[in-house]
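K.L.:
Just so it is clear, I am handing over input.txt, which has compact mmCIF, C-alpha atoms.
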# COMPACT_ATOMS: atom_id res chain seq x y z
CA MET A 1 -30.49 -37.83 25.46
CA ALA A 2 -28.19 -36.17 22.91
CA VAL A 3 -29.55 -33.51 20.57
CA LYS A 4 -29.77 -34.97 17.05
CA VAL A 5 -28.31 -32.78 14.30
CA LEU A 6 -28.45 -32.80 10.51
CA VAL A 7 -25.49 -30.91 8.99
CA VAL A 8 -26.11 -29.50 5.50
CA ASP A 9 -23.28 -28.03 3.43
CA ASP A 10 -21.99 -28.68 -0.08
CA ALA A 11 -18.41 -28.60 1.27
CA VAL A 12 -17.36 -31.85 2.94
CA PHE A 13 -14.70 -29.91 4.85
CA MET A 14 -17.30 -27.60 6.36
CA ARG A 15 -19.60 -30.51 7.22
CA LYS A 16 -16.71 -32.13 9.08
CA MET A 17 -15.76 -28.90 10.85
CA ILE A 18 -19.29 -28.16 12.06
CA GLY A 19 -19.88 -31.80 12.93
CA ASP A 20 -16.70 -31.97 15.01
CA ILE A 21 -17.59 -28.79 16.90
CA LEU A 22 -21.02 -30.14 17.78
CA LYS A 23 -19.88 -33.67 18.63
CA LYS A 24 -17.31 -32.37 21.10
CA GLU A 25 -20.17 -30.74 23.01
CA GLY A 26 -22.21 -33.91 23.10
CA TYR A 27 -24.47 -33.38 20.09
CA GLU A 28 -25.18 -36.41 17.92
CA VAL A 29 -24.71 -35.81 14.19
CA ILE A 30 -27.23 -38.22 12.74
CA GLY A 31 -26.81 -37.21 9.12
CA GLU A 32 -25.18 -35.00 6.54
CA ALA A 33 -26.52 -33.57 3.29
CA GLU A 34 -24.70 -31.79 0.49
CA ASN A 35 -27.61 -29.98 -1.15
CA GLY A 36 -31.09 -28.66 -0.40
CA GLN A 37 -32.98 -31.61 -1.85
CA GLU A 38 -30.94 -34.11 0.13
CA ALA A 39 -31.51 -31.98 3.24
CA VAL A 40 -35.28 -32.13 2.79
CA ASP A 41 -35.21 -35.88 2.21
CA LYS A 42 -33.01 -36.55 5.22
CA TYR A 43 -35.03 -34.22 7.45
CA GLU A 44 -38.12 -36.30 6.75
CA ASN A 45 -36.33 -39.58 7.36
CA LEU A 46 -34.18 -38.66 10.34
CA THR A 47 -36.35 -36.02 12.10
CA PRO A 48 -33.38 -34.16 13.65
CA ASP A 49 -33.76 -31.74 16.55
CA LEU A 50 -31.51 -29.21 14.82
CA VAL A 51 -30.39 -28.49 11.26
CA THR A 52 -27.33 -26.45 10.29
CA MET A 53 -27.93 -25.19 6.76
CA ASP A 54 -25.40 -23.68 4.37
CA ILE A 55 -27.02 -20.76 2.60
CA VAL A 56 -25.27 -20.95 -0.77
CA MET A 57 -25.28 -24.39 -2.35
CA PRO A 58 -25.67 -25.66 -5.90
CA LYS A 59 -29.35 -25.99 -6.78
CA VAL A 60 -30.71 -29.51 -7.08
CA ASN A 61 -34.29 -29.77 -8.36
CA ASP A 62 -34.26 -25.95 -8.28
CA MET A 63 -33.66 -26.01 -4.53
CA ASP A 64 -30.82 -24.27 -2.69
CA GLY A 65 -30.36 -23.60 1.03
CA ILE A 66 -33.22 -21.13 1.29
CA GLY A 67 -35.46 -23.37 -0.78
CA ALA A 68 -34.72 -26.21 1.61
CA VAL A 69 -35.63 -24.01 4.60
CA LYS A 70 -38.97 -23.12 3.01
CA ASN A 71 -39.69 -26.74 2.16
CA ILE A 72 -38.82 -28.03 5.62
CA MET A 73 -40.80 -25.28 7.36
CA GLU A 74 -43.86 -26.07 5.24
CA LYS A 75 -43.72 -29.67 6.43
CA ASP A 76 -42.70 -28.97 10.01
CA GLY A 77 -43.39 -25.49 11.34
CA LYS A 78 -41.45 -26.30 14.50
CA ALA A 79 -38.19 -27.14 12.70
CA LYS A 80 -35.08 -25.62 14.28
CA ILE A 81 -32.76 -24.40 11.54
CA LEU A 82 -29.47 -22.57 11.99
CA MET A 83 -28.15 -20.89 8.85
CA VAL A 84 -24.44 -20.86 8.03
CA SER A 85 -23.41 -18.04 5.74
CA ALA A 86 -20.29 -16.32 4.47
CA MET A 87 -19.73 -12.60 4.90
CA GLY A 88 -21.61 -10.43 2.46
CA GLN A 89 -24.72 -12.61 2.32
CA HIS A 90 -26.90 -10.40 4.50
CA ALA A 91 -29.79 -10.30 2.04
CA LEU A 92 -29.88 -14.09 1.80
CA VAL A 93 -29.74 -14.44 5.58
CA VAL A 94 -32.73 -12.12 5.94
CA GLU A 95 -34.63 -14.18 3.37
CA ALA A 96 -33.79 -17.39 5.23
CA ILE A 97 -34.91 -15.94 8.58
CA GLN A 98 -38.16 -14.75 6.99
CA ALA A 99 -38.62 -18.28 5.65
CA GLY A 100 -38.39 -19.68 9.17
CA ALA A 101 -34.72 -20.18 10.05
CA LYS A 102 -34.12 -19.25 13.67
CA ASP A 103 -30.58 -17.83 13.66
CA PHE A 104 -27.34 -17.70 11.71
CA VAL A 105 -23.56 -17.84 12.06
CA THR A 106 -21.12 -16.25 9.66
CA LYS A 107 -18.00 -17.97 8.35
CA PRO A 108 -15.23 -17.87 9.45
CA PHE A 109 -16.46 -18.71 12.95
CA GLN A 110 -15.06 -19.75 16.28
CA PRO A 111 -16.51 -23.00 17.71
CA SER A 112 -18.05 -21.04 20.59
CA ARG A 113 -20.14 -19.01 18.15
CA VAL A 114 -21.60 -22.13 16.58
CA LEU A 115 -22.40 -23.61 19.97
CA GLU A 116 -23.99 -20.41 21.26
CA ALA A 117 -26.12 -20.10 18.13
CA ALA A 118 -27.14 -23.77 18.29
CA LYS A 119 -28.24 -23.30 21.88
CA ARG A 120 -30.25 -20.20 20.99
CA VAL A 121 -31.99 -22.01 18.14
CA LEU A 122 -32.89 -24.97 20.33
CA GLU A 123 -34.30 -22.65 23.01
CA SER A 124 -36.30 -20.58 20.51
CA MET B 1 -10.37 1.11 -17.93
CA ALA B 2 -7.47 2.94 -19.46
CA ASP B 3 -9.71 6.03 -19.72
CA LEU B 4 -10.16 6.34 -15.98
CA SER B 5 -8.84 9.45 -14.28
CA ASP B 6 -6.17 9.21 -11.62
CA ALA B 7 -8.76 10.09 -8.98
CA GLN B 8 -11.04 7.27 -10.16
CA LYS B 9 -8.16 4.81 -10.16
CA ASP B 10 -7.25 5.89 -6.63
CA ALA B 11 -10.83 5.30 -5.51
CA LEU B 12 -10.77 1.78 -6.95
CA LYS B 13 -7.40 1.10 -5.36
CA GLU B 14 -8.72 2.12 -1.98
CA MET B 15 -11.69 -0.21 -2.37
CA GLY B 16 -9.25 -2.98 -3.21
CA ASN B 17 -7.14 -2.19 -0.17
CA ILE B 18 -10.11 -2.37 2.17
CA GLY B 19 -11.44 -5.52 0.55
CA SER B 20 -8.17 -7.43 0.78
CA GLY B 21 -7.60 -6.21 4.33
CA ASN B 22 -10.98 -7.58 5.34
CA ALA B 23 -10.17 -10.87 3.62
CA ALA B 24 -6.88 -11.15 5.52
CA THR B 25 -8.76 -10.66 8.78
CA ALA B 26 -11.15 -13.45 7.83
CA LEU B 27 -8.26 -15.77 7.02
CA SER B 28 -6.63 -14.95 10.34
CA GLN B 29 -9.84 -15.95 12.15
CA LEU B 30 -10.12 -19.11 10.12
CA ILE B 31 -6.63 -20.44 10.87
CA SER B 32 -6.51 -18.86 14.35
CA GLN B 33 -3.16 -17.22 13.71
CA LEU B 34 -2.08 -13.62 13.50
CA ILE B 35 -1.59 -12.53 9.91
CA ASN B 36 0.40 -9.48 8.91
CA ILE B 37 -0.36 -7.99 5.53
CA SER B 38 1.87 -5.95 3.31
CA VAL B 39 0.64 -2.72 1.78
CA PRO B 40 -1.36 -4.06 -1.17
CA ARG B 41 0.03 -3.40 -4.59
CA VAL B 42 -2.85 -2.21 -6.72
CA GLN B 43 -2.60 -1.53 -10.42
CA PHE B 44 -4.37 -1.99 -13.70
CA VAL B 45 -2.75 -4.82 -15.59
CA PRO B 46 -3.28 -5.99 -19.18
CA LEU B 47 -5.01 -9.37 -19.19
CA GLU B 48 -2.03 -11.11 -20.76
CA GLU B 49 0.20 -9.86 -17.96
CA VAL B 50 -1.89 -11.21 -15.08
CA ALA B 51 -0.22 -14.63 -14.93
CA ASN B 52 3.26 -13.10 -14.99
CA GLN B 53 2.33 -10.83 -12.10
CA LEU B 54 1.26 -13.87 -10.10
CA GLY B 55 4.41 -15.91 -10.55
CA GLY B 56 4.40 -17.19 -14.10
CA GLN B 57 2.30 -19.13 -16.56
CA GLU B 58 3.46 -22.56 -15.38
CA LYS B 59 3.12 -22.05 -11.67
CA PRO B 60 0.80 -24.70 -10.18
CA VAL B 61 -2.05 -23.05 -8.29
CA TYR B 62 -5.59 -23.36 -7.06
CA VAL B 63 -8.04 -20.79 -8.39
CA ILE B 64 -11.37 -20.30 -6.63
CA TYR B 65 -13.76 -18.01 -8.45
CA LEU B 66 -17.35 -16.92 -8.28
CA ASP B 67 -19.71 -14.58 -10.07
CA VAL B 68 -20.90 -11.44 -8.34
CA ILE B 69 -24.53 -10.80 -9.13
CA SER B 70 -25.84 -7.29 -8.52
CA LYS B 71 -25.90 -3.89 -10.19
CA ILE B 72 -22.12 -4.07 -9.71
CA ASN B 73 -21.54 -7.44 -11.33
CA GLY B 74 -18.32 -9.18 -12.21
CA THR B 75 -16.05 -12.03 -11.21
CA MET B 76 -14.06 -12.51 -8.03
CA LEU B 77 -10.99 -14.75 -7.99
CA THR B 78 -8.73 -16.02 -5.25
CA VAL B 79 -5.44 -17.56 -6.39
CA ILE B 80 -3.51 -19.73 -3.93
CA ASP B 81 -0.21 -21.40 -4.78
CA LYS B 82 0.34 -25.03 -3.80
CA GLU B 83 2.80 -24.38 -0.96
CA THR B 84 0.47 -21.86 0.60
CA ALA B 85 -2.41 -24.28 0.17
CA MET B 86 -0.51 -26.93 2.12
CA PHE B 87 0.38 -24.43 4.84
CA LEU B 88 -3.27 -23.44 5.22
CA GLY B 89 -4.30 -27.09 5.12
CA LYS B 90 -1.99 -27.89 8.02
CA SER B 91 -3.60 -25.09 10.01
CA LEU B 92 -7.06 -26.50 9.46
CA MET B 93 -6.86 -30.25 9.12
CA SER B 94 -5.52 -33.32 10.81
CA GLU B 95 -2.49 -35.12 9.37
CA GLU B 96 -4.64 -37.87 7.88
CA ASP B 97 -6.66 -35.38 5.82
CA LEU B 98 -3.59 -33.61 4.41
CA ASP B 99 -3.63 -35.39 1.08
CA PRO B 100 -3.82 -32.89 -1.80
CA ASN B 101 -5.73 -35.49 -3.83
CA SER B 102 -8.38 -36.05 -1.18
CA GLU B 103 -11.89 -34.65 -1.39
CA ILE B 104 -11.69 -33.01 2.02
CA TYR B 105 -8.41 -31.22 1.20
CA GLU B 106 -9.91 -29.73 -1.97
CA SER B 107 -13.08 -28.90 -0.10
CA ALA B 108 -11.11 -27.02 2.57
CA LEU B 109 -9.29 -24.93 -0.03
CA LYS B 110 -12.51 -24.15 -1.82
CA GLU B 111 -14.02 -23.03 1.45
CA ILE B 112 -11.00 -20.82 2.19
CA GLY B 113 -11.33 -19.20 -1.23
CA SER B 114 -15.05 -18.76 -0.74
CA ILE B 115 -14.58 -17.11 2.65
CA LEU B 116 -11.88 -14.80 1.28
CA CYS B 117 -14.08 -13.78 -1.63
CA GLY B 118 -17.05 -13.23 0.69
CA SER B 119 -15.13 -11.06 3.12
CA TYR B 120 -13.66 -8.99 0.30
CA LEU B 121 -17.10 -8.45 -1.20
CA SER B 122 -18.58 -7.70 2.20
CA ALA B 123 -16.19 -4.78 2.61
CA LEU B 124 -16.89 -3.57 -0.90
CA SER B 125 -20.61 -3.87 -0.29
CA GLN B 126 -20.43 -1.58 2.73
CA ILE B 127 -18.37 1.02 0.88
CA VAL B 128 -20.76 1.29 -2.06
CA ASP B 129 -23.93 0.55 -0.07
CA GLU B 130 -24.94 -2.15 -2.52
CA THR B 131 -26.06 -5.71 -1.83
CA PHE B 132 -23.94 -8.34 -3.54
CA ILE B 133 -25.02 -11.88 -4.19
CA ALA B 134 -22.23 -14.34 -4.88
CA SER B 135 -22.67 -17.51 -6.90
CA VAL B 136 -21.58 -20.93 -5.68
CA PRO B 137 -17.77 -20.90 -5.97
CA THR B 138 -15.90 -23.04 -8.45
CA MET B 139 -12.36 -24.31 -7.88
CA ALA B 140 -9.78 -25.57 -10.32
CA CYS B 141 -6.19 -26.72 -9.91
CA ASP B 142 -3.74 -26.43 -12.79
CA MET B 143 -0.96 -24.27 -14.15
CA LEU B 144 -1.74 -20.62 -13.58
CA GLY B 145 -1.63 -19.62 -17.23
CA ALA B 146 -4.10 -22.28 -18.31
CA LEU B 147 -6.52 -21.51 -15.50
CA LEU B 148 -6.49 -17.77 -16.01
CA ASP B 149 -6.95 -18.17 -19.74
CA ALA B 150 -10.10 -20.16 -19.10
CA VAL B 151 -11.51 -17.97 -16.35
CA LEU B 152 -10.68 -14.68 -18.04
CA ALA B 153 -11.79 -15.69 -21.51
CA GLU B 154 -15.23 -14.15 -21.15
CA ILE B 155 -13.99 -11.00 -19.51
CA GLY B 156 -11.25 -10.60 -22.09
CA GLN B 157 -13.84 -9.96 -24.72
CA ILE B 158 -14.96 -6.79 -23.02
CA ALA B 159 -12.02 -5.56 -20.98
CA GLU B 160 -8.39 -5.02 -21.85
CA GLU B 161 -7.17 -4.49 -18.31
CA VAL B 162 -8.12 -5.84 -14.91
CA LEU B 163 -7.93 -4.30 -11.49
CA PHE B 164 -5.08 -6.26 -9.94
CA ILE B 165 -4.54 -6.30 -6.20
CA LYS B 166 -1.72 -8.32 -4.75
CA THR B 167 -1.28 -8.59 -1.01
CA GLU B 168 1.43 -10.55 0.74
CA LEU B 169 0.26 -12.33 3.85
CA LEU B 170 2.74 -13.22 6.54
CA VAL B 171 2.19 -15.79 9.29
CA SER B 172 5.23 -15.73 11.58
CA ASP B 173 8.07 -16.12 9.07
CA THR B 174 6.01 -17.84 6.39
CA LYS B 175 5.09 -15.78 3.38
CA LEU B 176 1.76 -16.89 1.93
CA GLN B 177 1.15 -16.54 -1.79
CA CYS B 178 -2.49 -15.68 -1.95
CA CYS B 179 -3.96 -13.11 -4.29
CA GLN B 180 -7.42 -11.75 -5.00
CA LEU B 181 -8.75 -10.25 -8.17
CA PHE B 182 -12.06 -8.50 -8.61
CA LEU B 183 -13.01 -8.08 -12.22
CA PRO B 184 -16.00 -5.78 -12.55
CA LYS B 185 -17.83 -5.69 -15.86
CA PRO B 186 -17.47 -2.36 -17.70
CA GLU B 187 -21.01 -1.22 -16.88
CA ALA B 188 -20.46 -2.28 -13.27
CA LEU B 189 -17.37 -0.12 -13.08
CA GLU B 190 -19.50 2.95 -13.76
CA HIS B 191 -21.87 2.00 -10.92
CA LEU B 192 -18.92 1.30 -8.64
CA LEU B 193 -17.41 4.71 -9.24
CA SER B 194 -20.68 6.64 -9.07
CA ALA B 195 -21.47 4.92 -5.76
CA VAL B 196 -18.43 6.62 -4.24
CA GLY B 197 -19.13 9.94 -5.91
CA MET B 198 -16.54 9.67 -8.69
Let's see the structure in the file written out as structure tokens.
P.N.:
Amino acid sequence: MAVKVLVVDDAVFMRKMIGDILKKEGYEVIGEAENGQEAVDKYENLTPDLVTMDIVMPKVNDMDGIGAVKNIMEKDGKAKILMVSAMGQHALVVEAIQAGAKDFVTKPFQPSRVLEAAKRVLES
Amino acid sequence: MADLSDAQKDALKEMGNIGSGNAATALSQLISQLINISVPRVQFVPLEEVANQLGGQEKPVYVIYLDVISKINGTMLTVIDKETAMFLGKSLMSEEDLDPNSEIYESALKEIGSILCGSYLSALSQIVDETFIASVPTMACDMLGALLDAVLAEIGQIAEEVLFIKTELLVSDTKLQCCQLFLPKPEALEHLLSAVGM
């Protein structure tokens, strides 16, 4: 059975890019979210096996990417979250990992990096 | 900024060189093509001259900008002209998404600007050993003069000149018009220089 993925990013272009990379490898993208609050809501409804989470997004209900990680991890300690960050966001990545995210990829990325990281997160 | 010594200006120029070089590398990875960069032209430019240096007040462009939040705070801008935007779009998107009025086209450009800003700041961060936090980027499309007036309005109240770095990017025979500006606040400039022993 295909691994179910929720792709979270405020940029529709990046959601499409990540989604396409994963779909080509047989993952099933079951949902997309464009902010932290929507990510939390869709995680509860869709129960994905894997979440890719943009780290810098506009806050909705005072929740950004890291806030969404904390919220999801409080509700499901076994959640598998892969952070997607730009260069120069090391401090935020550390905060996200401390909050429970399992790994990260840095933009710009090659498809192989996303797939390797996704595999690591699922095996963690 | 006009009071800076030549040595201090050289230090800032070198930071700009490294930052824009890092950004060009990131862009190369993003579009999976080799990019050659010219030697960056770095100078302090009066605010009113910035648009002229970038091709003129009426040139249609995309500007992606974000706030840099740290001890060294300021604003980072990436300016991309429309032809370059279309070239980059073709490198990243399918034909059906190549509509400049579509959401995904604008999203792709915003992401490119964000990545360029991030890679520039990442290099700067390593040089000065300071953690930078960047805000969510904002993008606007209009004539260059109008956009810069709006973005620079706040900074213009406290700075007469900006650190201007222009790098030409070449992909095969195509010259890309893409420029980055880092506008540190006056107090941030002191931190920036002291961090490199100036």
K.L.:
Which residues of chain B are close to chain A, meaning at most 9 Å apart when you count only C-alpha atoms, and how do they look as a compact mmCIF listing (two decimals) with C-alpha atoms, keeping the file's coordinate frame?
P.N.:
# COMPACT_ATOMS: atom_id res chain seq x y z
CA ALA B 26 -11.15 -13.45 7.83
CA LEU B 27 -8.26 -15.77 7.02
CA GLN B 29 -9.84 -15.95 12.15
CA LEU B 30 -10.12 -19.11 10.12
CA SER B 32 -6.51 -18.86 14.35
CA MET B 93 -6.86 -30.25 9.12
CA GLU B 103 -11.89 -34.65 -1.39
CA ILE B 104 -11.69 -33.01 2.02
CA TYR B 105 -8.41 -31.22 1.20
CA GLU B 106 -9.91 -29.73 -1.97
CA SER B 107 -13.08 -28.90 -0.10
CA ALA B 108 -11.11 -27.02 2.57
CA LEU B 109 -9.29 -24.93 -0.03
CA LYS B 110 -12.51 -24.15 -1.82
CA GLU B 111 -14.02 -23.03 1.45
CA ILE B 112 -11.00 -20.82 2.19
CA SER B 114 -15.05 -18.76 -0.74
CA ILE B 115 -14.58 -17.11 2.65
CA LEU B 116 -11.88 -14.80 1.28
CA CYS B 117 -14.08 -13.78 -1.63
CA GLY B 118 -17.05 -13.23 0.69
CA SER B 119 -15.13 -11.06 3.12
CA TYR B 120 -13.66 -8.99 0.30
CA LEU B 121 -17.10 -8.45 -1.20
CA SER B 122 -18.58 -7.70 2.20
CA ALA B 123 -16.19 -4.78 2.61
CA LEU B 124 -16.89 -3.57 -0.90
CA SER B 125 -20.61 -3.87 -0.29
CA GLN B 126 -20.43 -1.58 2.73
CA THR B 131 -26.06 -5.71 -1.83
CA PHE B 132 -23.94 -8.34 -3.54
CA ILE B 133 -25.02 -11.88 -4.19
CA ALA B 134 -22.23 -14.34 -4.88
CA SER B 135 -22.67 -17.51 -6.90
CA VAL B 136 -21.58 -20.93 -5.68
K.L.:
Any idea what the distance is between atom CA of Lys102 of chain A and atom CA of Asp129 of chain B?
P.N.:
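So the answer is 26.2 Å.
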K.L.:
Considering only C-alpha atoms, can you say which of A:Lys24, A:Val60, A:Ile72, A:Val114 comes closest to Asn45 of chain A?
P.N.:
A:Ile72
K.L.:
To one decimal place, how far is atom CA of Pro111 of chain A from atom CA of Ile18 of chain A in Å?
P.N.:
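Going from atom CA of Pro111 of chain A over to atom CA of Ile18 of chain A covers 8.1 Å.
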K.L.:
Which polymer residues have any atom within 10 Å of an atom of Thr174 of chain B, counting all atoms listed in the file, with same-chain residues fewer than 5 positions away left out, as a list in words?
P.N.:
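Everything that qualifies: Ile35, Thr84, Phe87 and Leu169 of chain B.
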K.L.:
So how many Å separate atom CA of Ser28 of chain B and atom CA of Glu96 of chain B, to one decimal?
P.N.:
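Value for the atom CA of Ser28 of chain B-atom CA of Glu96 of chain B distance: 23.1 Å.
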K.L.:
Between A:Ala79, A:Val29, A:Ala39, A:Val84, which has the minimum distance to Met63 of chain A (counting all atoms listed in the file)?
P.N.:
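Of all the options, A:Ala39 lies closest to Met63 of chain A.
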